[in-house]
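Asker: Provided herewith: final00.txt, compact mmCIF, C-alpha atoms (C1' of nucleotides).
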```txt
# COMPACT_ATOMS: atom_id res chain seq x y z
CA MET A 3 10.55 115.58 -104.56
CA TYR A 4 13.29 117.10 -102.58
CA GLU A 5 12.77 120.45 -100.97
CA LYS A 6 15.52 123.02 -100.83
CA LYS A 7 16.42 124.18 -97.36
CA THR A 8 18.74 127.02 -98.24
CA LEU A 9 18.08 129.89 -100.58
CA PRO A 10 20.19 130.11 -103.72
CA THR A 11 22.68 132.92 -104.04
CA LEU A 12 21.41 135.14 -106.83
CA ASN A 13 23.51 138.25 -106.54
CA CYS A 14 24.65 138.68 -110.09
CA GLY A 15 24.42 137.34 -113.60
CA LEU A 16 27.02 134.72 -112.89
CA ASP A 17 24.95 133.25 -110.09
CA LEU A 18 21.87 133.22 -112.26
CA VAL A 19 23.58 131.41 -115.10
CA GLY A 20 24.96 128.95 -112.61
CA GLU A 21 21.49 128.06 -111.45
CA VAL A 22 20.23 127.11 -114.88
CA LEU A 23 23.42 125.40 -116.06
CA TYR A 24 24.35 123.64 -112.82
CA GLY A 25 23.66 119.95 -113.12
CA LYS A 26 25.88 117.13 -114.18
CA TRP A 27 24.34 116.72 -117.62
CA LYS A 28 22.65 120.03 -118.37
CA ILE A 29 25.20 121.51 -120.72
CA ARG A 30 25.62 118.28 -122.59
CA ILE A 31 21.87 117.96 -122.97
CA LEU A 32 21.59 121.47 -124.36
CA TRP A 33 24.42 120.81 -126.74
CA PHE A 34 22.99 117.58 -128.08
CA ILE A 35 19.56 119.08 -128.54
CA HIS A 36 21.28 121.87 -130.42
CA GLN A 37 22.83 119.16 -132.58
CA GLY A 38 19.41 117.86 -133.49
CA ASN A 39 18.94 115.06 -131.00
CA LEU A 40 15.46 115.97 -129.95
CA ARG A 41 13.95 112.82 -128.49
CA PRO A 42 14.77 111.52 -125.02
CA SER A 43 15.77 108.15 -126.41
CA GLU A 44 18.19 109.83 -128.81
CA LEU A 45 19.66 111.90 -126.02
CA GLN A 46 20.11 108.85 -123.90
CA ARG A 47 21.96 107.06 -126.63
CA LYS A 48 24.22 110.10 -126.98
CA ILE A 49 24.82 110.24 -123.22
CA PRO A 50 24.91 106.62 -122.13
CA ASP A 51 26.06 107.42 -118.60
CA VAL A 52 22.93 109.28 -117.66
CA THR A 53 19.95 107.23 -116.60
CA ARG A 54 16.53 107.86 -118.02
CA ARG A 55 15.31 108.94 -114.63
CA VAL A 56 17.93 111.66 -114.25
CA LEU A 57 17.64 112.67 -117.87
CA ASN A 58 13.95 113.28 -117.35
CA VAL A 59 14.55 115.33 -114.23
CA GLN A 60 17.16 117.52 -115.85
CA LEU A 61 15.07 118.00 -118.96
CA LYS A 62 12.21 119.09 -116.73
CA GLU A 63 14.44 121.67 -115.09
CA LEU A 64 15.65 122.97 -118.43
CA GLU A 65 12.02 123.25 -119.44
CA ASP A 66 11.11 125.09 -116.24
CA HIS A 67 14.02 127.42 -116.91
CA GLU A 68 12.66 128.08 -120.40
CA MET A 69 15.75 126.78 -122.10
CA VAL A 70 13.83 124.08 -123.96
CA THR A 71 10.27 123.33 -124.92
CA LYS A 72 8.65 119.94 -124.75
CA LYS A 73 6.31 118.72 -127.42
CA ILE A 74 4.29 115.59 -126.84
CA TYR A 75 2.90 113.81 -129.88
CA PRO A 76 -0.29 111.93 -129.04
CA VAL A 77 0.84 108.74 -130.68
CA VAL A 78 1.70 105.33 -129.50
CA PRO A 79 4.36 104.34 -128.79
CA PRO A 80 4.87 107.76 -127.25
CA LYS A 81 6.88 110.38 -129.06
CA VAL A 82 8.32 113.46 -127.38
CA GLU A 83 10.58 116.14 -128.75
CA TYR A 84 12.55 118.82 -126.99
CA ARG A 85 13.73 121.93 -128.79
CA LEU A 86 15.80 124.90 -127.74
CA THR A 87 13.85 128.07 -127.13
CA ASP A 88 15.24 131.30 -128.50
CA PHE A 89 16.46 131.91 -124.99
CA GLY A 90 18.18 128.55 -124.97
CA LYS A 91 19.67 129.18 -128.38
CA SER A 92 21.15 132.43 -127.17
CA ILE A 93 23.36 130.64 -124.68
CA ILE A 94 24.77 128.20 -127.22
CA PRO A 95 27.59 130.53 -128.32
CA LEU A 96 28.78 130.68 -124.74
CA ILE A 97 28.75 126.93 -124.43
CA GLN A 98 30.65 126.79 -127.66
CA ALA A 99 33.22 129.27 -126.36
CA ILE A 100 33.70 127.36 -123.13
CA GLY A 101 34.05 124.12 -125.00
CA SER A 102 36.59 125.63 -127.35
CA TRP A 103 38.65 126.95 -124.48
CA GLY A 104 38.51 123.52 -122.94
CA ASP A 105 39.52 121.84 -126.15
CA GLU A 106 42.41 124.23 -126.67
CA ASN A 107 43.67 123.55 -123.18
CA GLN A 108 42.70 119.93 -123.17
CA GLU A 109 46.05 118.43 -122.32
CA ARG A 110 46.77 120.75 -119.48
CA LEU A 111 43.28 120.41 -118.06
CA ARG A 112 43.38 116.66 -118.26
CA ARG A 113 46.72 116.62 -116.53
CA VAL A 114 45.80 118.89 -113.62
CA ILE A 115 42.41 117.28 -113.11
CA LEU A 116 43.83 113.80 -112.95
CA LYS A 117 46.66 114.95 -110.74
CA HIS A 118 44.17 116.48 -108.35
CA VAL A 119 41.96 113.42 -108.31
CA ALA A 120 45.02 111.30 -107.63
CA SER A 121 46.04 113.51 -104.74
CA LEU A 122 42.70 112.86 -103.08
CA SER A 123 43.31 109.14 -102.99
CA ASP A 124 46.89 108.57 -102.08
CA LYS A 125 46.71 105.28 -100.31
CA ALA A 126 43.59 103.72 -101.74
CA LYS A 127 45.30 103.38 -105.09
CA THR A 128 42.59 104.34 -107.54
CA PRO A 129 43.00 102.28 -110.68
CA PHE A 130 41.04 104.33 -113.16
CA MET A 131 42.81 107.54 -113.98
CA GLU A 132 45.45 106.31 -116.35
CA ASP A 133 43.86 106.92 -119.68
CA VAL A 134 40.47 108.43 -120.13
CA PRO A 135 39.42 108.32 -123.76
CA VAL A 136 39.70 111.54 -125.73
CA ILE A 137 36.45 112.18 -127.50
CA SER A 138 34.91 115.42 -128.58
CA ILE A 139 31.18 115.81 -128.70
CA ARG A 140 31.47 118.96 -130.77
CA PRO A 141 31.81 118.64 -134.54
CA SER A 142 35.29 119.09 -135.86
CA MET B 19 39.41 113.86 -97.14
CA TYR B 20 36.67 112.40 -99.19
CA GLU B 21 37.54 109.89 -101.81
CA LYS B 22 35.80 109.82 -105.15
CA LYS B 23 34.11 106.53 -105.96
CA THR B 24 33.18 107.24 -109.56
CA LEU B 25 35.38 108.45 -112.34
CA PRO B 26 34.70 111.89 -113.75
CA THR B 27 33.40 112.17 -117.30
CA LEU B 28 36.15 113.79 -119.32
CA ASN B 29 35.06 113.30 -122.88
CA CYS B 30 35.44 116.79 -124.23
CA GLY B 31 36.53 120.30 -123.48
CA LEU B 32 33.23 121.10 -121.85
CA ASP B 33 33.65 118.32 -119.34
CA LEU B 34 37.16 119.44 -118.55
CA VAL B 35 36.13 123.02 -117.92
CA GLY B 36 33.31 121.77 -115.77
CA GLU B 37 35.74 119.94 -113.53
CA VAL B 38 37.81 123.01 -112.73
CA LEU B 39 34.90 125.45 -112.48
CA TYR B 40 32.43 123.18 -110.70
CA GLY B 41 32.06 124.25 -107.11
CA LYS B 42 29.65 126.62 -105.52
CA TRP B 43 32.15 129.45 -105.06
CA LYS B 44 34.87 128.76 -107.62
CA ILE B 45 33.88 131.28 -110.26
CA ARG B 46 33.24 133.97 -107.70
CA ILE B 47 36.63 133.33 -106.13
CA LEU B 48 38.37 133.62 -109.48
CA TRP B 49 36.53 136.79 -110.24
CA PHE B 50 37.35 138.46 -106.96
CA ILE B 51 40.99 137.51 -107.20
CA HIS B 52 40.93 139.00 -110.67
CA GLN B 53 39.56 142.15 -109.05
CA GLY B 54 42.54 142.36 -106.76
CA ASN B 55 41.28 140.67 -103.64
CA LEU B 56 44.26 138.47 -103.06
CA ARG B 57 44.17 137.52 -99.41
CA PRO B 58 41.83 134.89 -98.00
CA SER B 59 40.48 137.33 -95.46
CA GLU B 60 39.65 139.80 -98.23
CA LEU B 61 37.95 137.11 -100.23
CA GLN B 62 35.91 136.08 -97.28
CA ARG B 63 34.72 139.60 -96.71
CA LYS B 64 33.71 139.78 -100.36
CA ILE B 65 31.87 136.46 -100.15
CA PRO B 66 30.34 136.43 -96.68
CA ASP B 67 28.30 133.30 -97.31
CA VAL B 68 31.28 131.05 -97.74
CA THR B 69 32.94 129.76 -94.61
CA ARG B 70 36.68 129.93 -94.20
CA ARG B 71 36.86 126.17 -94.24
CA VAL B 72 35.18 125.84 -97.61
CA LEU B 73 37.03 128.84 -99.00
CA ASN B 74 40.30 127.13 -98.16
CA VAL B 75 39.23 123.90 -99.78
CA GLN B 76 38.12 125.54 -102.98
CA LEU B 77 41.24 127.69 -103.14
CA LYS B 78 43.29 124.53 -102.78
CA GLU B 79 41.46 122.98 -105.69
CA LEU B 80 41.96 126.05 -107.83
CA GLU B 81 45.62 125.88 -106.94
CA ASP B 82 45.83 122.18 -107.83
CA HIS B 83 44.15 123.03 -111.11
CA GLU B 84 46.79 125.67 -111.76
CA MET B 85 44.27 128.47 -111.94
CA VAL B 86 45.88 130.35 -109.05
CA THR B 87 49.18 130.42 -107.24
CA LYS B 88 49.58 130.68 -103.51
CA LYS B 89 52.29 132.80 -101.94
CA ILE B 90 52.96 132.50 -98.24
CA TYR B 91 54.78 135.36 -96.56
CA PRO B 92 56.76 134.15 -93.54
CA VAL B 93 55.43 136.83 -91.27
CA VAL B 94 53.25 136.87 -88.28
CA PRO B 95 50.37 137.24 -88.21
CA PRO B 96 50.36 135.08 -91.31
CA LYS B 97 49.96 136.64 -94.73
CA VAL B 98 48.96 134.71 -97.82
CA GLU B 99 48.21 135.93 -101.31
CA TYR B 100 46.59 134.17 -104.21
CA ARG B 101 47.06 135.34 -107.78
CA LEU B 102 45.70 134.18 -111.09
CA THR B 103 48.12 132.22 -113.21
CA ASP B 104 48.30 133.03 -116.90
CA PHE B 105 46.13 129.98 -117.34
CA GLY B 106 43.64 131.34 -114.87
CA LYS B 107 43.70 134.74 -116.51
CA SER B 108 42.88 133.18 -119.85
CA ILE B 109 39.52 132.00 -118.59
CA ILE B 110 38.47 135.37 -117.24
CA PRO B 111 37.02 136.57 -120.56
CA LEU B 112 34.73 133.57 -120.57
CA ILE B 113 33.58 134.28 -117.05
CA GLN B 114 33.01 137.84 -118.11
CA ALA B 115 30.97 136.71 -121.10
CA ILE B 116 28.85 134.37 -119.02
CA GLY B 117 28.27 137.07 -116.46
CA SER B 118 27.27 139.55 -119.12
CA TRP B 119 24.79 137.14 -120.63
CA GLY B 120 23.39 136.59 -117.18
CA ASP B 121 23.16 140.29 -116.49
CA GLU B 122 21.46 140.96 -119.80
CA ASN B 123 18.88 138.28 -119.08
CA GLN B 124 18.72 138.94 -115.39
CA GLU B 125 15.01 139.51 -115.08
CA ARG B 126 14.02 136.48 -117.04
CA LEU B 127 16.51 134.27 -115.27
CA ARG B 128 15.42 135.47 -111.88
CA ARG B 129 11.82 134.83 -112.77
CA VAL B 130 12.26 131.30 -114.08
CA ILE B 131 14.64 130.28 -111.31
CA LEU B 132 12.31 131.46 -108.60
CA LYS B 133 9.34 129.92 -110.33
CA HIS B 134 11.14 126.60 -110.48
CA VAL B 135 12.21 126.71 -106.86
CA ALA B 136 8.66 127.53 -105.90
CA SER B 137 7.35 124.58 -107.87
CA LEU B 138 9.54 122.26 -105.82
CA SER B 139 7.87 123.34 -102.62
CA ASP B 140 4.22 123.66 -103.29
CA LYS B 141 2.75 122.85 -99.94
CA ALA B 142 5.59 123.69 -97.59
CA LYS B 143 5.11 127.34 -98.44
CA THR B 144 8.67 128.63 -98.72
CA PRO B 145 8.80 132.17 -97.40
CA PHE B 146 12.03 133.38 -98.92
CA MET B 147 11.74 133.80 -102.63
CA GLU B 148 9.91 137.07 -102.81
CA ASP B 149 12.70 139.52 -103.37
CA VAL B 150 16.31 138.56 -103.61
CA PRO B 151 18.53 141.62 -103.72
CA VAL B 152 19.94 142.63 -107.07
CA ILE B 153 23.65 143.19 -106.76
CA SER B 154 26.36 142.86 -109.35
CA ILE B 155 29.82 141.83 -108.36
CA ARG B 156 31.21 142.93 -111.69
CA PRO B 157 32.17 146.56 -112.15
CA SER B 158 29.75 148.65 -114.11
C1' DT C 18 2.30 85.24 -126.42
C1' DC C 19 6.42 87.40 -125.34
C1' DG C 20 9.89 90.90 -125.90
C1' DA C 21 11.50 95.46 -127.55
C1' DA C 22 10.87 100.26 -128.04
C1' DT C 23 8.70 104.35 -126.42
C1' DA C 24 8.05 107.85 -122.28
C1' DG C 25 7.31 108.61 -117.37
C1' DG C 26 7.78 108.67 -112.36
C1' DG C 27 7.67 107.13 -107.02
C1' DA C 28 10.52 105.45 -103.42
C1' DT C 29 14.78 104.82 -101.78
C1' DG C 30 19.86 104.51 -101.35
C1' DA C 31 24.54 106.09 -102.55
C1' DA C 32 27.68 109.61 -103.62
C1' DT C 33 29.19 114.13 -103.39
C1' DT C 34 29.41 118.69 -101.87
C1' DT C 35 28.98 122.18 -98.52
C1' DA C 36 28.48 123.68 -93.72
C1' DT C 37 29.36 123.50 -88.74
C1' DC C 38 32.16 122.95 -84.80
C1' DC C 39 36.29 123.20 -82.66
C1' DC C 40 41.00 123.13 -82.32
C1' DT C 41 46.42 125.29 -83.19
C1' DA C 42 49.66 129.60 -83.28
C1' DT C 43 51.63 134.45 -82.81
C1' DA C 44 52.00 139.60 -82.57
C1' DG C 45 50.12 143.68 -81.12
C1' DC C 46 46.81 146.43 -78.60
C1' DT C 47 44.00 147.77 -74.54
C1' DA D 11 45.67 138.92 -69.04
C1' DG D 12 42.44 138.89 -72.51
C1' DC D 13 40.88 140.14 -77.26
C1' DT D 14 41.52 140.51 -82.28
C1' DA D 15 43.37 139.49 -86.71
C1' DT D 16 45.79 136.31 -89.44
C1' DA D 17 45.75 131.40 -91.82
C1' DG D 18 44.88 126.48 -91.52
C1' DG D 19 42.72 122.00 -90.95
C1' DG D 20 40.41 117.46 -88.69
C1' DA D 21 36.09 115.42 -87.63
C1' DT D 22 31.54 115.30 -88.43
C1' DA D 23 26.80 116.72 -89.79
C1' DA D 24 23.67 118.51 -93.12
C1' DA D 25 22.19 119.42 -97.64
C1' DT D 26 21.96 118.30 -102.28
C1' DT D 27 22.49 115.70 -106.25
C1' DC D 28 22.62 111.55 -108.76
C1' DA D 29 21.77 106.57 -109.30
C1' DT D 30 19.17 102.32 -108.71
C1' DC D 31 15.10 99.63 -108.56
C1' DC D 32 10.73 98.86 -109.94
C1' DC D 33 6.43 99.93 -111.50
C1' DT D 34 2.55 101.77 -115.60
C1' DA D 35 1.00 101.60 -120.79
C1' DT D 36 0.65 100.53 -125.89
C1' DT D 37 1.95 98.91 -130.55
C1' DC D 38 4.55 96.16 -133.49
C1' DG D 39 7.09 92.22 -134.85
C1' DA D 40 9.13 87.59 -134.20
```
Rewrite the structure from the file as structure tokens, please.
Answerer:
Amino acid sequence: MYEKKTLPTLNCGLDLVGEVLYGKWKIRILWFIHQGNLRPSELQRKIPDVTRRVLNVQLKELEDHEMVTKKIYPVVPPKVEYRLTDFGKSIIPLIQAIGSWGDENQERLRRVILKHVASLSDKAKTPFMEDVPVISIRPS
Amino acid sequence: MYEKKTLPTLNCGLDLVGEVLYGKWKIRILWFIHQGNLRPSELQRKIPDVTRRVLNVQLKELEDHEMVTKKIYPVVPPKVEYRLTDFGKSIIPLIQAIGSWGDENQERLRRVILKHVASLSDKAKTPFMEDVPVISIRPS
DNA sequence: TCGAATAGGGATGAATTTATCCCTATAGCT
DNA sequence: AGCTATAGGGATAAATTCATCCCTATTCGA
């Protein structure tokens, strides 16, 4: 494991939320569990870019933060299910609100993000920011 | 500058919001500008833990993302002011909502976060997680 | 018998973010 | 003359996060 060398800033509610939601895949994981994808293998199929290793680590953190519970079925092949706690459920409306704001401003966000990324690599000519597919993980 | 080697995941609104809000100090910076702290020096006094270097970088990103505008006064000593754009203003209610949720669940969040941090360093005996001060940057 | 699916995790390397250090410049004040 | 406040940024180090590689184990089905 890696050991933190600096203490987290925990001055206010915003900082606290940041701690539990910070992580490349955390919000997505919460959302997909909310959608009924309870097993790690299901989650991984929903989020192909995350590796099993990292998925496990982030699920463990969500569990430590009491956002999800882990249930191990003593069967073979192994079966594990994660579910949102009531605490975890209570943050779903916020995730929904953020996602909606993002969807509403999707074009503008996409434009400014890609423009910024492009500005970071002026000479190296990055070839990948032309057209990123437009998919929504939230139900329409 | 550092050049990104992997493309960002931009599948849905959530991902897009993540791009513009990701950054250790971004949300705080937006909030304090919203509170009327427009000059870099003011912001730095409000957020002592951020260095001027990093503050500049994150302000530049917020500017690229059209969340804030930068106004340079041609005076000396230099004077610069950042203001929220309408776009930036439109995300403030979400920040407020997240902060409120965090404030409401402050005790629980603080407990689980510190418990998790402690679990990462079992043997090394971290000495710093006893009592982090409880301050709110949002007006009461 | 061999491979796929299931879940997990140690060791290590790569990528990314954040921090540190050290410069530039000018006006006003002591 | 020297100090402070103002704003900015290059080069580099440190911290942190994320990815890759490679193992363990069992049951079922081809």
Asker: Can you give me chain B superposed onto chain A, least-squares on all Cα in order, written as an mmCIF file with C-alpha atoms, keeping the file's coordinate frame?
Answerer:
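Below you can see selection06.cif, which holds the result:
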```cif
data_model
loop_
_atom_site.group_PDB
_atom_site.id
_atom_site.type_symbol
_atom_site.label_atom_id
_atom_site.label_comp_id
_atom_site.auth_asym_id
_atom_site.auth_seq_id
_atom_site.Cartn_x
_atom_site.Cartn_y
_atom_site.Cartn_z
ATOM 1 C CA MET B 19 10.603 115.615 -104.655
ATOM 2 C CA TYR B 20 13.357 117.104 -102.644
ATOM 3 C CA GLU B 21 12.805 120.429 -101.043
ATOM 4 C CA LYS B 22 15.528 123.026 -100.868
ATOM 5 C CA LYS B 23 16.381 124.157 -97.356
ATOM 6 C CA THR B 24 18.700 127.019 -98.229
ATOM 7 C CA LEU B 25 18.084 129.890 -100.555
ATOM 8 C CA PRO B 26 20.176 130.086 -103.697
ATOM 9 C CA THR B 27 22.682 132.910 -104.034
ATOM 10 C CA LEU B 28 21.423 135.130 -106.818
ATOM 11 C CA ASN B 29 23.527 138.226 -106.522
ATOM 12 C CA CYS B 30 24.668 138.657 -110.080
ATOM 13 C CA GLY B 31 24.433 137.352 -113.588
ATOM 14 C CA LEU B 32 27.011 134.695 -112.897
ATOM 15 C CA ASP B 33 24.946 133.237 -110.102
ATOM 16 C CA LEU B 34 21.862 133.218 -112.267
ATOM 17 C CA VAL B 35 23.574 131.398 -115.101
ATOM 18 C CA GLY B 36 24.954 128.941 -112.613
ATOM 19 C CA GLU B 37 21.470 128.056 -111.452
ATOM 20 C CA VAL B 38 20.219 127.101 -114.898
ATOM 21 C CA LEU B 39 23.413 125.394 -116.068
ATOM 22 C CA TYR B 40 24.324 123.647 -112.822
ATOM 23 C CA GLY B 41 23.673 119.952 -113.126
ATOM 24 C CA LYS B 42 25.922 117.172 -114.205
ATOM 25 C CA TRP B 43 24.343 116.717 -117.635
ATOM 26 C CA LYS B 44 22.644 120.035 -118.363
ATOM 27 C CA ILE B 45 25.189 121.518 -120.735
ATOM 28 C CA ARG B 46 25.609 118.267 -122.593
ATOM 29 C CA ILE B 47 21.850 117.960 -122.975
ATOM 30 C CA LEU B 48 21.586 121.467 -124.377
ATOM 31 C CA TRP B 49 24.398 120.804 -126.756
ATOM 32 C CA PHE B 50 22.972 117.577 -128.086
ATOM 33 C CA ILE B 51 19.550 119.090 -128.548
ATOM 34 C CA HIS B 52 21.271 121.876 -130.430
ATOM 35 C CA GLN B 53 22.808 119.160 -132.595
ATOM 36 C CA GLY B 54 19.399 117.849 -133.503
ATOM 37 C CA ASN B 55 18.920 115.060 -131.019
ATOM 38 C CA LEU B 56 15.435 115.960 -129.968
ATOM 39 C CA ARG B 57 13.937 112.823 -128.502
ATOM 40 C CA PRO B 58 14.762 111.548 -125.027
ATOM 41 C CA SER B 59 15.749 108.178 -126.404
ATOM 42 C CA GLU B 60 18.184 109.840 -128.807
ATOM 43 C CA LEU B 61 19.643 111.906 -126.027
ATOM 44 C CA GLN B 62 20.107 108.877 -123.897
ATOM 45 C CA ARG B 63 21.965 107.082 -126.628
ATOM 46 C CA LYS B 64 24.221 110.107 -126.991
ATOM 47 C CA ILE B 65 24.834 110.264 -123.243
ATOM 48 C CA PRO B 66 24.944 106.637 -122.138
ATOM 49 C CA ASP B 67 26.089 107.460 -118.621
ATOM 50 C CA VAL B 68 22.952 109.303 -117.679
ATOM 51 C CA THR B 69 19.987 107.236 -116.605
ATOM 52 C CA ARG B 70 16.564 107.884 -118.035
ATOM 53 C CA ARG B 71 15.345 108.964 -114.641
ATOM 54 C CA VAL B 72 17.951 111.675 -114.253
ATOM 55 C CA LEU B 73 17.660 112.693 -117.890
ATOM 56 C CA ASN B 74 13.965 113.306 -117.355
ATOM 57 C CA VAL B 75 14.574 115.345 -114.245
ATOM 58 C CA GLN B 76 17.175 117.542 -115.848
ATOM 59 C CA LEU B 77 15.072 118.014 -118.969
ATOM 60 C CA LYS B 78 12.219 119.104 -116.735
ATOM 61 C CA GLU B 79 14.445 121.669 -115.098
ATOM 62 C CA LEU B 80 15.643 122.973 -118.433
ATOM 63 C CA GLU B 81 12.022 123.246 -119.448
ATOM 64 C CA ASP B 82 11.098 125.103 -116.250
ATOM 65 C CA HIS B 83 14.008 127.419 -116.935
ATOM 66 C CA GLU B 84 12.648 128.076 -120.410
ATOM 67 C CA MET B 85 15.751 126.781 -122.117
ATOM 68 C CA VAL B 86 13.822 124.084 -123.982
ATOM 69 C CA THR B 87 10.260 123.343 -124.949
ATOM 70 C CA LYS B 88 8.643 119.953 -124.761
ATOM 71 C CA LYS B 89 6.277 118.723 -127.442
ATOM 72 C CA ILE B 90 4.271 115.586 -126.839
ATOM 73 C CA TYR B 91 2.868 113.804 -129.868
ATOM 74 C CA PRO B 92 -0.319 111.909 -128.999
ATOM 75 C CA VAL B 93 0.815 108.730 -130.645
ATOM 76 C CA VAL B 94 1.694 105.341 -129.446
ATOM 77 C CA PRO B 95 4.335 104.355 -128.746
ATOM 78 C CA PRO B 96 4.837 107.778 -127.227
ATOM 79 C CA LYS B 97 6.863 110.401 -129.045
ATOM 80 C CA VAL B 98 8.307 113.471 -127.382
ATOM 81 C CA GLU B 99 10.572 116.149 -128.772
ATOM 82 C CA TYR B 100 12.548 118.821 -127.015
ATOM 83 C CA ARG B 101 13.742 121.935 -128.807
ATOM 84 C CA LEU B 102 15.805 124.901 -127.758
ATOM 85 C CA THR B 103 13.854 128.063 -127.142
ATOM 86 C CA ASP B 104 15.246 131.300 -128.517
ATOM 87 C CA PHE B 105 16.462 131.889 -124.999
ATOM 88 C CA GLY B 106 18.180 128.542 -124.984
ATOM 89 C CA LYS B 107 19.684 129.173 -128.389
ATOM 90 C CA SER B 108 21.163 132.426 -127.169
ATOM 91 C CA ILE B 109 23.363 130.615 -124.689
ATOM 92 C CA ILE B 110 24.775 128.182 -127.212
ATOM 93 C CA PRO B 111 27.595 130.508 -128.307
ATOM 94 C CA LEU B 112 28.778 130.654 -124.726
ATOM 95 C CA ILE B 113 28.743 126.895 -124.431
ATOM 96 C CA GLN B 114 30.645 126.768 -127.669
ATOM 97 C CA ALA B 115 33.207 129.237 -126.357
ATOM 98 C CA ILE B 116 33.679 127.332 -123.125
ATOM 99 C CA GLY B 117 34.048 124.095 -125.013
ATOM 100 C CA SER B 118 36.598 125.604 -127.348
ATOM 101 C CA TRP B 119 38.655 126.922 -124.472
ATOM 102 C CA GLY B 120 38.508 123.488 -122.937
ATOM 103 C CA ASP B 121 39.521 121.810 -126.159
ATOM 104 C CA GLU B 122 42.409 124.196 -126.675
ATOM 105 C CA ASN B 123 43.680 123.501 -123.173
ATOM 106 C CA GLN B 124 42.689 119.883 -123.160
ATOM 107 C CA GLU B 125 46.039 118.385 -122.311
ATOM 108 C CA ARG B 126 46.756 120.707 -119.466
ATOM 109 C CA LEU B 127 43.278 120.372 -118.049
ATOM 110 C CA ARG B 128 43.376 116.621 -118.246
ATOM 111 C CA ARG B 129 46.712 116.579 -116.506
ATOM 112 C CA VAL B 130 45.783 118.844 -113.611
ATOM 113 C CA ILE B 131 42.384 117.243 -113.099
ATOM 114 C CA LEU B 132 43.822 113.768 -112.938
ATOM 115 C CA LYS B 133 46.642 114.918 -110.723
ATOM 116 C CA HIS B 134 44.148 116.448 -108.330
ATOM 117 C CA VAL B 135 41.932 113.391 -108.260
ATOM 118 C CA ALA B 136 44.979 111.274 -107.600
ATOM 119 C CA SER B 137 46.007 113.492 -104.715
ATOM 120 C CA LEU B 138 42.664 112.843 -103.047
ATOM 121 C CA SER B 139 43.311 109.133 -102.955
ATOM 122 C CA ASP B 140 46.887 108.621 -102.048
ATOM 123 C CA LYS B 141 46.763 105.328 -100.264
ATOM 124 C CA ALA B 142 43.637 103.755 -101.694
ATOM 125 C CA LYS B 143 45.409 103.437 -105.015
ATOM 126 C CA THR B 144 42.713 104.373 -107.519
ATOM 127 C CA PRO B 145 43.135 102.260 -110.625
ATOM 128 C CA PHE B 146 41.153 104.265 -113.126
ATOM 129 C CA MET B 147 42.859 107.489 -113.977
ATOM 130 C CA GLU B 148 45.484 106.267 -116.364
ATOM 131 C CA ASP B 149 43.903 106.935 -119.704
ATOM 132 C CA VAL B 150 40.506 108.443 -120.146
ATOM 133 C CA PRO B 151 39.445 108.372 -123.776
ATOM 134 C CA VAL B 152 39.679 111.594 -125.723
ATOM 135 C CA ILE B 153 36.429 112.223 -127.517
ATOM 136 C CA SER B 154 34.853 115.471 -128.578
ATOM 137 C CA ILE B 155 31.129 115.822 -128.714
ATOM 138 C CA ARG B 156 31.399 118.996 -130.733
ATOM 139 C CA PRO B 157 31.747 118.737 -134.491
ATOM 140 C CA SER B 158 35.196 119.298 -135.852
#
```
Asker: At what distance in Å, to one decimal, does CA of Val130 (chain B) lie from CA of Cys30 (chain B)?
Answerer: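 Separation of CA of Cys30 (chain B) and CA of Val130 (chain B): 29.2 Å.
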Asker: Given all atoms listed in the file as the basis, pick out the residue of B:Lys22, B:Lys97, B:Arg126, B:Lys44 nearest to Met69 (chain A).
Answerer: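 Using all atoms listed in the file, Met69 (chain A) sits closest to B:Arg126.
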Asker: Please, what distance in Å, to one decimal, runs between CA of His36 (chain A) and CA of Lys107 (chain B)?
Answerer: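 Here the two named atoms are 29.4 Å from each other.
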Asker: Please determine the contact residues of chain C with respect to chain A at a cut-off of 9 Å, counting only C-alpha atoms (C1' of nucleotides), and supply them as JSON, numbers by chain.
Answerer: {"C": [22, 23, 24, 25, 26]}
Asker: What's the 8 Å shell around region 28-43 of chain C, counting only C-alpha atoms (C1' of nucleotides), without same-chain residues fewer than 4 positions away, as a list in words?
Answerer: Lys23, Thr69, Val72, Val94 and Pro95 of chain B; DA23, DA24, DA25, DT26, DT27, DC28, DA29 and DT30 of chain D
Asker: Which is closer to His67 (chain A) than all the others in A:Arg30, A:Ile94, A:Phe89, A:Leu116, using all atoms listed in the file?
Answerer: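 Closest to His67 (chain A) of all the choices is A:Phe89.
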Asker: May I ask for the distance between CA of Leu122 (chain A) and CA of Glu21 (chain B), given in Å to one decimal place?
Answerer: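 CA of Leu122 (chain A) sits 6.1 Å away from CA of Glu21 (chain B).
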Asker: For DC13 (chain D), list every protein, DNA or RNA residue within 12 Å, evaluated using all atoms listed in the file, and leave out those in the same chain fewer than 5 positions away; present the list as a list in words.
Answerer: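 Result of the neighbour search: DG45, DC46 and DT47 of chain C.
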Asker: Would you mind telling me which residue in B:Ala136, B:Glu60, B:Asn29, B:Leu80 lies nearest to Trp43 (chain B) when using all atoms listed in the file?
Answerer: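 That would be B:Leu80, the residue with the smallest distance to Trp43 (chain B).
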Asker: Using all atoms listed in the file, what residues lie at most 12 Å away from (25.5, 120.0, -121.1) (file coordinates), given as a ChimeraX atom specification?
Answerer: /A:22-37,45,48-49,52,57,60-61,64,69,90,93-94,96-98,100-101,139-140 /B:27,29-36
Asker: Kindly list the centre and edge lengths in Å, rounded to one decimal, for the axis-aligned box that covers all listed atoms of region 41-47 of chain B plus 4 Å on each of its six sides, as AutoDock Vina command-line options.
Answerer:
```
--center_x 33.1 --center_y 129.1 --center_z -107.7 --size_x 15.0 --size_y 17.7 --size_z 13.2
```
Asker: Around (7.7, 86.7, -124.6) in the file's frame, which residues reach within 12 Å when counting all atoms listed in the file? Return as a VMD selection string?
Answerer: (chain C and resid 18 to 21) or (chain D and resid 39 to 40)
